[in-house]
Amino acid sequence: MKISRQRKVQKHLNFYKNNFKFREPFQVLIDGTFAFAALEAKFNIKEQVSKYFQAEVKLLTTQCMILETEKLAQLESKLNGALRIIKQFPVHKCGHEKNSISGSKCFNSMISNNNSSRYVIATQDREFQDHIRNLRGVPLLYLHDKAPTLERPSEATCKYAEELRNGIVTNTLQIQTVKVLKQKSGLEDMEIKFKKRRKKGGPNPLSCKKKQKKSVVNQSSASNGKIRKRKRIKIPAHIKDALKK
């Protein structure tokens with residue numbers, strides 16, 4: 001391998017190491033199109049990919065991808081060789097064992113959540129490649145002129161890495177790490193204990209009724225416990241006239 005190609009791949013790998021916490025062994029998901037292209041180019045995936053990365057790699061596939069390649073091999077006999085190649089790799093659990101889906105959808109589910117499991121996708125599918133370029137933190141590997149090529153980080157990936165460095169966004173891994181550290185050190189329980197208790201306030205003065213003034217009761221009637229009413233005596237009109245005279 002030429003020195004310039006060697007420097008490029010190491011530069012791209014270091015970018016993913018520093019910004020997205022990629023570590024060896026690098027997990028590479030192989031699809032049927034990549035296996036078929038490798039067969040056509042007489043490219044030994046197991047030997048050449050690790051040699052290209054100059055690091056330990058873990059080549060993987062999924063049950064969905066194998067089933068999809070099997071169906072295509074039934075239609076095109078030339079794909080039987082690609083099927084034999086892809087069956088050599090360990091099958092990674094994808095969660096679709098009971099109800100299989102298409103290979104590209106399966107791989108897409110594996111790299112969801114900002115590729116938190118840190119997979120490298122190896123594919124020759126042009127449509128799927130364009131989809132990966134719009135995602136963040138997903139390295140893309142393909143064969144170009146019978147040579148492996150790790151594509152430089154996409155614009156979306158570079159922008160997201162810059163935001164992470166500037167502290168604009170918080171990485172999902174960082175949030176999970178902080179939670180685990182808090183649980184281990186017991187800080188999570190302390191936060192719950194030291195929450196400020198709400199002070200009990202007095203009643204709302206606006207909602208309170210004004211005190212009504214007590215009416216003054218005659219002492220004599222109050223002593224008996226009964227309130228006496230005065231009886232007014234009506235004087236007949238002819239008596240009033242007699243009194244005036």
# chains A, B, ... in the order shown; residues from 1 in each chain; ligands from 1

$ select_by_dssp --residues "segment 20-58 of chain A" --states "helix (DSSP H, G or I)" --output "PyMOL selection string"
chain A and resi 20+32-40+45-53

$ select_by_dssp --residues "segment 17-166 of chain A" --states "strand (DSSP E or B)" --output "CSV table (one decimal) with all heavy atoms, in the first residue's frame"
chain,number,residue,atom,x,y,z
A,26,PHE,N,-12.0,-2.7,15.4
A,26,PHE,CA,-13.0,-2.0,14.7
A,26,PHE,C,-14.0,-3.0,14.1
A,26,PHE,O,-13.7,-4.0,13.5
A,26,PHE,CB,-12.4,-1.2,13.5
A,26,PHE,CG,-11.4,-0.2,13.9
A,26,PHE,CD1,-10.1,-0.3,13.7
A,26,PHE,CD2,-11.9,1.0,14.5
A,26,PHE,CE1,-9.2,0.7,14.1
A,26,PHE,CE2,-11.0,2.0,14.9
A,26,PHE,CZ,-9.6,1.8,14.7
A,27,GLN,N,-15.3,-2.7,14.4
A,27,GLN,CA,-16.4,-3.6,14.0
A,27,GLN,C,-16.9,-3.2,12.6
A,27,GLN,O,-17.4,-2.1,12.4
A,27,GLN,CB,-17.6,-3.5,15.0
A,27,GLN,CG,-17.2,-4.0,16.4
A,27,GLN,CD,-18.4,-4.0,17.3
A,27,GLN,OE1,-19.0,-5.0,17.6
A,27,GLN,NE2,-18.8,-2.8,17.8
A,28,VAL,N,-16.7,-4.1,11.6
A,28,VAL,CA,-17.1,-3.8,10.2
A,28,VAL,C,-18.2,-4.7,9.8
A,28,VAL,O,-18.1,-5.9,9.9
A,28,VAL,CB,-15.9,-4.0,9.3
A,28,VAL,CG1,-16.2,-3.7,7.9
A,28,VAL,CG2,-14.6,-3.3,9.8
A,29,LEU,N,-19.4,-4.1,9.5
A,29,LEU,CA,-20.5,-4.8,9.0
A,29,LEU,C,-20.4,-5.0,7.5
A,29,LEU,O,-20.4,-4.0,6.8
A,29,LEU,CB,-21.8,-4.0,9.4
A,29,LEU,CG,-22.2,-4.0,10.9
A,29,LEU,CD1,-23.4,-3.1,11.1
A,29,LEU,CD2,-22.5,-5.4,11.3
A,30,ILE,N,-20.4,-6.2,7.0
A,30,ILE,CA,-20.2,-6.5,5.6
A,30,ILE,C,-21.6,-6.9,5.0
A,30,ILE,O,-22.3,-7.7,5.6
A,30,ILE,CB,-19.3,-7.7,5.4
A,30,ILE,CG1,-18.0,-7.5,6.2
A,30,ILE,CG2,-19.0,-8.0,4.0
A,30,ILE,CD1,-17.0,-6.5,5.7
A,57,VAL,N,-9.4,-5.9,13.3
A,57,VAL,CA,-10.8,-5.7,12.9
A,57,VAL,C,-11.7,-6.9,13.2
A,57,VAL,O,-11.2,-8.0,13.3
A,57,VAL,CB,-10.9,-5.3,11.4
A,57,VAL,CG1,-10.2,-4.1,11.1
A,57,VAL,CG2,-10.4,-6.5,10.6
A,58,LYS,N,-13.0,-6.6,13.4
A,58,LYS,CA,-13.9,-7.7,13.6
A,58,LYS,C,-15.0,-7.6,12.5
A,58,LYS,O,-15.8,-6.7,12.5
A,58,LYS,CB,-14.6,-7.4,15.0
A,58,LYS,CG,-15.3,-8.6,15.6
A,58,LYS,CD,-15.7,-8.3,17.0
A,58,LYS,CE,-16.4,-9.5,17.6
A,58,LYS,NZ,-16.9,-9.2,19.0
A,59,LEU,N,-14.9,-8.6,11.6
A,59,LEU,CA,-15.8,-8.6,10.4
A,59,LEU,C,-17.1,-9.3,10.8
A,59,LEU,O,-17.1,-10.4,11.3
A,59,LEU,CB,-15.2,-9.3,9.2
A,59,LEU,CG,-13.8,-8.7,8.8
A,59,LEU,CD1,-13.2,-9.6,7.7
A,59,LEU,CD2,-13.9,-7.3,8.4
A,60,LEU,N,-18.2,-8.6,10.6
A,60,LEU,CA,-19.5,-9.1,11.0
A,60,LEU,C,-20.6,-9.0,9.9
A,60,LEU,O,-20.4,-8.2,9.0
A,60,LEU,CB,-20.0,-8.3,12.3
A,60,LEU,CG,-19.1,-8.3,13.5
A,60,LEU,CD1,-19.6,-7.2,14.4
A,60,LEU,CD2,-19.1,-9.6,14.2
A,61,THR,N,-21.6,-9.7,10.1
A,61,THR,CA,-22.8,-9.6,9.2
A,61,THR,C,-24.0,-9.9,10.1
A,61,THR,O,-23.9,-10.2,11.3
A,61,THR,CB,-22.8,-10.5,8.0
A,61,THR,OG1,-23.8,-10.1,7.1
A,61,THR,CG2,-22.9,-11.9,8.3
A,62,THR,N,-25.2,-9.8,9.5
A,62,THR,CA,-26.5,-10.1,10.2
A,62,THR,C,-27.3,-11.2,9.5
A,62,THR,O,-27.1,-11.5,8.3
A,62,THR,CB,-27.3,-8.9,10.4
A,62,THR,OG1,-27.7,-8.4,9.1
A,62,THR,CG2,-26.6,-7.8,11.1
A,91,VAL,N,-22.2,-14.0,12.8
A,91,VAL,CA,-23.5,-13.3,12.7
A,91,VAL,C,-23.8,-12.5,13.9
A,91,VAL,O,-23.8,-13.1,15.0
A,91,VAL,CB,-24.7,-14.4,12.5
A,91,VAL,CG1,-26.0,-13.7,12.4
A,91,VAL,CG2,-24.4,-15.2,11.2
A,92,HIS,N,-24.0,-11.2,13.7
A,92,HIS,CA,-24.2,-10.3,14.9
A,92,HIS,C,-25.7,-10.2,15.1
A,92,HIS,O,-26.5,-10.1,14.2
A,92,HIS,CB,-23.6,-8.9,14.5
A,92,HIS,CG,-23.5,-8.0,15.7
A,92,HIS,ND1,-23.0,-8.4,16.9
A,92,HIS,CD2,-23.9,-6.7,15.9
A,92,HIS,CE1,-23.0,-7.4,17.8
A,92,HIS,NE2,-23.5,-6.4,17.2
A,119,TYR,N,-20.0,1.1,14.5
A,119,TYR,CA,-19.8,0.2,13.4
A,119,TYR,C,-19.2,0.9,12.2
A,119,TYR,O,-19.5,2.1,12.0
A,119,TYR,CB,-21.1,-0.4,13.0
A,119,TYR,CG,-21.8,-1.3,14.0
A,119,TYR,CD1,-23.0,-0.9,14.7
A,119,TYR,CD2,-21.2,-2.5,14.4
A,119,TYR,CE1,-23.6,-1.7,15.6
A,119,TYR,CE2,-21.8,-3.3,15.4
A,119,TYR,CZ,-23.0,-2.9,16.0
A,119,TYR,OH,-23.6,-3.7,16.9
A,120,VAL,N,-18.4,0.2,11.4
A,120,VAL,CA,-18.0,0.6,10.1
A,120,VAL,C,-18.8,-0.1,9.1
A,120,VAL,O,-18.9,-1.4,9.2
A,120,VAL,CB,-16.5,0.4,9.9
A,120,VAL,CG1,-16.1,0.8,8.5
A,120,VAL,CG2,-15.6,1.0,10.9
A,121,ILE,N,-19.4,0.6,8.1
A,121,ILE,CA,-20.3,-0.1,7.1
A,121,ILE,C,-19.5,-0.3,5.8
A,121,ILE,O,-19.0,0.6,5.3
A,121,ILE,CB,-21.6,0.8,6.8
A,121,ILE,CG1,-22.4,1.0,8.1
A,121,ILE,CG2,-22.4,0.1,5.8
A,121,ILE,CD1,-22.9,-0.2,8.8
A,122,ALA,N,-19.5,-1.6,5.4
A,122,ALA,CA,-18.8,-1.9,4.1
A,122,ALA,C,-19.9,-2.3,3.1
A,122,ALA,O,-20.5,-3.4,3.3
A,122,ALA,CB,-17.8,-3.1,4.4
A,140,LEU,N,-17.6,4.8,6.3
A,140,LEU,CA,-18.0,4.1,5.1
A,140,LEU,C,-16.8,3.5,4.4
A,140,LEU,O,-15.9,4.2,4.1
A,140,LEU,CB,-18.8,5.1,4.2
A,140,LEU,CG,-19.2,4.5,2.8
A,140,LEU,CD1,-20.2,3.4,3.0
A,140,LEU,CD2,-19.9,5.6,2.0
A,141,LEU,N,-16.9,2.2,4.2
A,141,LEU,CA,-15.8,1.4,3.5
A,141,LEU,C,-16.4,0.8,2.2
A,141,LEU,O,-17.5,0.2,2.2
A,141,LEU,CB,-15.3,0.4,4.4
A,141,LEU,CG,-14.2,-0.5,3.9
A,141,LEU,CD1,-12.9,0.2,3.7
A,141,LEU,CD2,-14.0,-1.7,4.8
A,142,TYR,N,-15.6,1.0,1.1
A,142,TYR,CA,-16.1,0.3,-0.2
A,142,TYR,C,-14.8,0.0,-1.0
A,142,TYR,O,-13.7,0.5,-0.6
A,142,TYR,CB,-17.0,1.2,-0.9
A,142,TYR,CG,-16.5,2.6,-1.2
A,142,TYR,CD1,-15.7,2.9,-2.3
A,142,TYR,CD2,-16.9,3.7,-0.3
A,142,TYR,CE1,-15.3,4.2,-2.5
A,142,TYR,CE2,-16.4,5.0,-0.5
A,142,TYR,CZ,-15.6,5.2,-1.6
A,142,TYR,OH,-15.2,6.5,-1.8
A,143,LEU,N,-15.0,-0.7,-2.1
A,143,LEU,CA,-13.9,-1.0,-3.0
A,143,LEU,C,-13.9,-0.1,-4.2
A,143,LEU,O,-15.0,0.1,-4.8
A,143,LEU,CB,-14.0,-2.5,-3.5
A,143,LEU,CG,-13.9,-3.6,-2.4
A,143,LEU,CD1,-14.1,-4.9,-3.1
A,143,LEU,CD2,-12.5,-3.5,-1.8
A,144,HIS,N,-12.8,0.5,-4.4
A,144,HIS,CA,-12.6,1.4,-5.5
A,144,HIS,C,-11.4,1.0,-6.4
A,144,HIS,O,-10.3,1.0,-5.9
A,144,HIS,CB,-12.4,2.9,-5.0
A,144,HIS,CG,-12.2,3.9,-6.1
A,144,HIS,ND1,-13.2,4.2,-7.0
A,144,HIS,CD2,-11.1,4.6,-6.5
A,144,HIS,CE1,-12.7,5.1,-7.8
A,144,HIS,NE2,-11.5,5.3,-7.6
A,147,ALA,N,-9.5,-1.8,-4.8
A,147,ALA,CA,-8.7,-1.4,-3.6
A,147,ALA,C,-9.7,-0.9,-2.5
A,147,ALA,O,-10.6,-0.2,-2.8
A,147,ALA,CB,-7.7,-0.3,-3.9
A,148,PRO,N,-9.5,-1.3,-1.3
A,148,PRO,CA,-10.4,-0.8,-0.2
A,148,PRO,C,-10.2,0.7,0.0
A,148,PRO,O,-9.1,1.2,-0.1
A,148,PRO,CB,-9.9,-1.6,1.0
A,148,PRO,CG,-8.5,-1.9,0.7
A,148,PRO,CD,-8.4,-2.1,-0.7
A,149,THR,N,-11.3,1.4,0.3
A,149,THR,CA,-11.3,2.8,0.5
A,149,THR,C,-12.2,3.2,1.7
A,149,THR,O,-13.4,2.9,1.6
A,149,THR,CB,-11.7,3.6,-0.8
A,149,THR,OG1,-10.9,3.2,-1.9
A,149,THR,CG2,-11.6,5.1,-0.6
A,150,LEU,N,-11.6,3.8,2.7
A,150,LEU,CA,-12.3,4.3,3.8
A,150,LEU,C,-12.6,5.8,3.5
A,150,LEU,O,-11.7,6.6,3.5
A,150,LEU,CB,-11.6,4.2,5.1
A,150,LEU,CG,-12.3,4.7,6.4
A,150,LEU,CD1,-13.5,3.8,6.7
A,150,LEU,CD2,-11.4,4.8,7.6

$ residues_around --residues "Ala38 of chain A" --least-positions-apart "4" --cutoff "9 Å" --atoms "only C-alpha atoms" --output "list in words"
Thr33, Phe34, Lys42, Phe43, Asn44, Ile45, Ala82, Leu143 and Lys146 of chain A

$ atom_distance --atom1 "atom CA of Asn18 of chain A" --atom2 "atom CA of Ile3 of chain A"
22.1 Å

$ residues_around --residues "Ile101 of chain A" --least-positions-apart "6" --cutoff "10 Å" --atoms "only C-alpha atoms" --output "list in words"
Gln63, Cys64, Met65, Leu67, Glu68 and Phe107 of chain A

$ write_last_selection --atoms "all heavy atoms" --output "PDB file, in the first residue's frame"
ATOM      1  N   GLN A  63     -28.203 -11.791  10.269  1.00  0.00           N
ATOM      2  CA  GLN A  63     -29.062 -12.829   9.697  1.00  0.00           C
ATOM      3  C   GLN A  63     -29.915 -12.269   8.566  1.00  0.00           C
ATOM      4  O   GLN A  63     -30.163 -12.953   7.568  1.00  0.00           O
ATOM      5  CB  GLN A  63     -29.959 -13.411  10.802  1.00  0.00           C
ATOM      6  CG  GLN A  63     -30.767 -14.629  10.395  1.00  0.00           C
ATOM      7  CD  GLN A  63     -29.905 -15.841  10.091  1.00  0.00           C
ATOM      8  OE1 GLN A  63     -28.840 -16.012  10.673  1.00  0.00           O
ATOM      9  NE2 GLN A  63     -30.359 -16.669   9.165  1.00  0.00           N
ATOM     10  N   CYS A  64     -30.374 -11.031   8.721  1.00  0.00           N
ATOM     11  CA  CYS A  64     -31.180 -10.394   7.668  1.00  0.00           C
ATOM     12  C   CYS A  64     -30.386 -10.280   6.368  1.00  0.00           C
ATOM     13  O   CYS A  64     -30.927 -10.520   5.277  1.00  0.00           O
ATOM     14  CB  CYS A  64     -31.630  -9.011   8.123  1.00  0.00           C
ATOM     15  SG  CYS A  64     -32.765  -9.015   9.517  1.00  0.00           S
ATOM     16  N   MET A  65     -29.102  -9.920   6.482  1.00  0.00           N
ATOM     17  CA  MET A  65     -28.267  -9.766   5.290  1.00  0.00           C
ATOM     18  C   MET A  65     -28.028 -11.114   4.614  1.00  0.00           C
ATOM     19  O   MET A  65     -28.024 -11.210   3.371  1.00  0.00           O
ATOM     20  CB  MET A  65     -26.940  -9.104   5.676  1.00  0.00           C
ATOM     21  CG  MET A  65     -26.062  -8.752   4.494  1.00  0.00           C
ATOM     22  SD  MET A  65     -26.861  -7.638   3.304  1.00  0.00           S
ATOM     23  CE  MET A  65     -26.916  -6.110   4.258  1.00  0.00           C
ATOM     24  N   LEU A  67     -30.050 -13.780   4.707  1.00  0.00           N
ATOM     25  CA  LEU A  67     -31.304 -14.204   4.085  1.00  0.00           C
ATOM     26  C   LEU A  67     -31.581 -13.442   2.795  1.00  0.00           C
ATOM     27  O   LEU A  67     -32.057 -14.013   1.810  1.00  0.00           O
ATOM     28  CB  LEU A  67     -32.468 -14.008   5.068  1.00  0.00           C
ATOM     29  CG  LEU A  67     -32.490 -14.929   6.290  1.00  0.00           C
ATOM     30  CD1 LEU A  67     -33.585 -14.518   7.261  1.00  0.00           C
ATOM     31  CD2 LEU A  67     -32.667 -16.383   5.875  1.00  0.00           C
ATOM     32  N   GLU A  68     -31.259 -12.154   2.799  1.00  0.00           N
ATOM     33  CA  GLU A  68     -31.452 -11.347   1.582  1.00  0.00           C
ATOM     34  C   GLU A  68     -30.532 -11.829   0.458  1.00  0.00           C
ATOM     35  O   GLU A  68     -30.948 -11.937  -0.699  1.00  0.00           O
ATOM     36  CB  GLU A  68     -31.189  -9.867   1.875  1.00  0.00           C
ATOM     37  CG  GLU A  68     -31.453  -8.954   0.692  1.00  0.00           C
ATOM     38  CD  GLU A  68     -31.121  -7.507   0.985  1.00  0.00           C
ATOM     39  OE1 GLU A  68     -29.916  -7.197   1.182  1.00  0.00           O
ATOM     40  OE2 GLU A  68     -32.048  -6.683   1.021  1.00  0.00           O
ATOM     41  N   PHE A 107     -29.052  -2.972   8.632  1.00  0.00           N
ATOM     42  CA  PHE A 107     -27.819  -2.245   8.944  1.00  0.00           C
ATOM     43  C   PHE A 107     -28.142  -0.836   9.448  1.00  0.00           C
ATOM     44  O   PHE A 107     -27.457  -0.313  10.335  1.00  0.00           O
ATOM     45  CB  PHE A 107     -26.924  -2.160   7.707  1.00  0.00           C
ATOM     46  CG  PHE A 107     -26.065  -3.383   7.503  1.00  0.00           C
ATOM     47  CD1 PHE A 107     -26.399  -4.596   8.068  1.00  0.00           C
ATOM     48  CD2 PHE A 107     -24.916  -3.328   6.727  1.00  0.00           C
ATOM     49  CE1 PHE A 107     -25.613  -5.729   7.891  1.00  0.00           C
ATOM     50  CE2 PHE A 107     -24.117  -4.447   6.542  1.00  0.00           C
ATOM     51  CZ  PHE A 107     -24.470  -5.647   7.119  1.00  0.00           C
TER      52      PHE A 107
END

$ atom_distance --atom1 "atom CA of Asn114 of chain A" --atom2 "atom CA of Glu127 of chain A"
19.5 Å

$ closest_residue --among "A:Gly103, A:Pro139, A:Pro236, A:Pro153" --to "Asn115 of chain A" --atoms "only C-alpha atoms"
A:Pro139
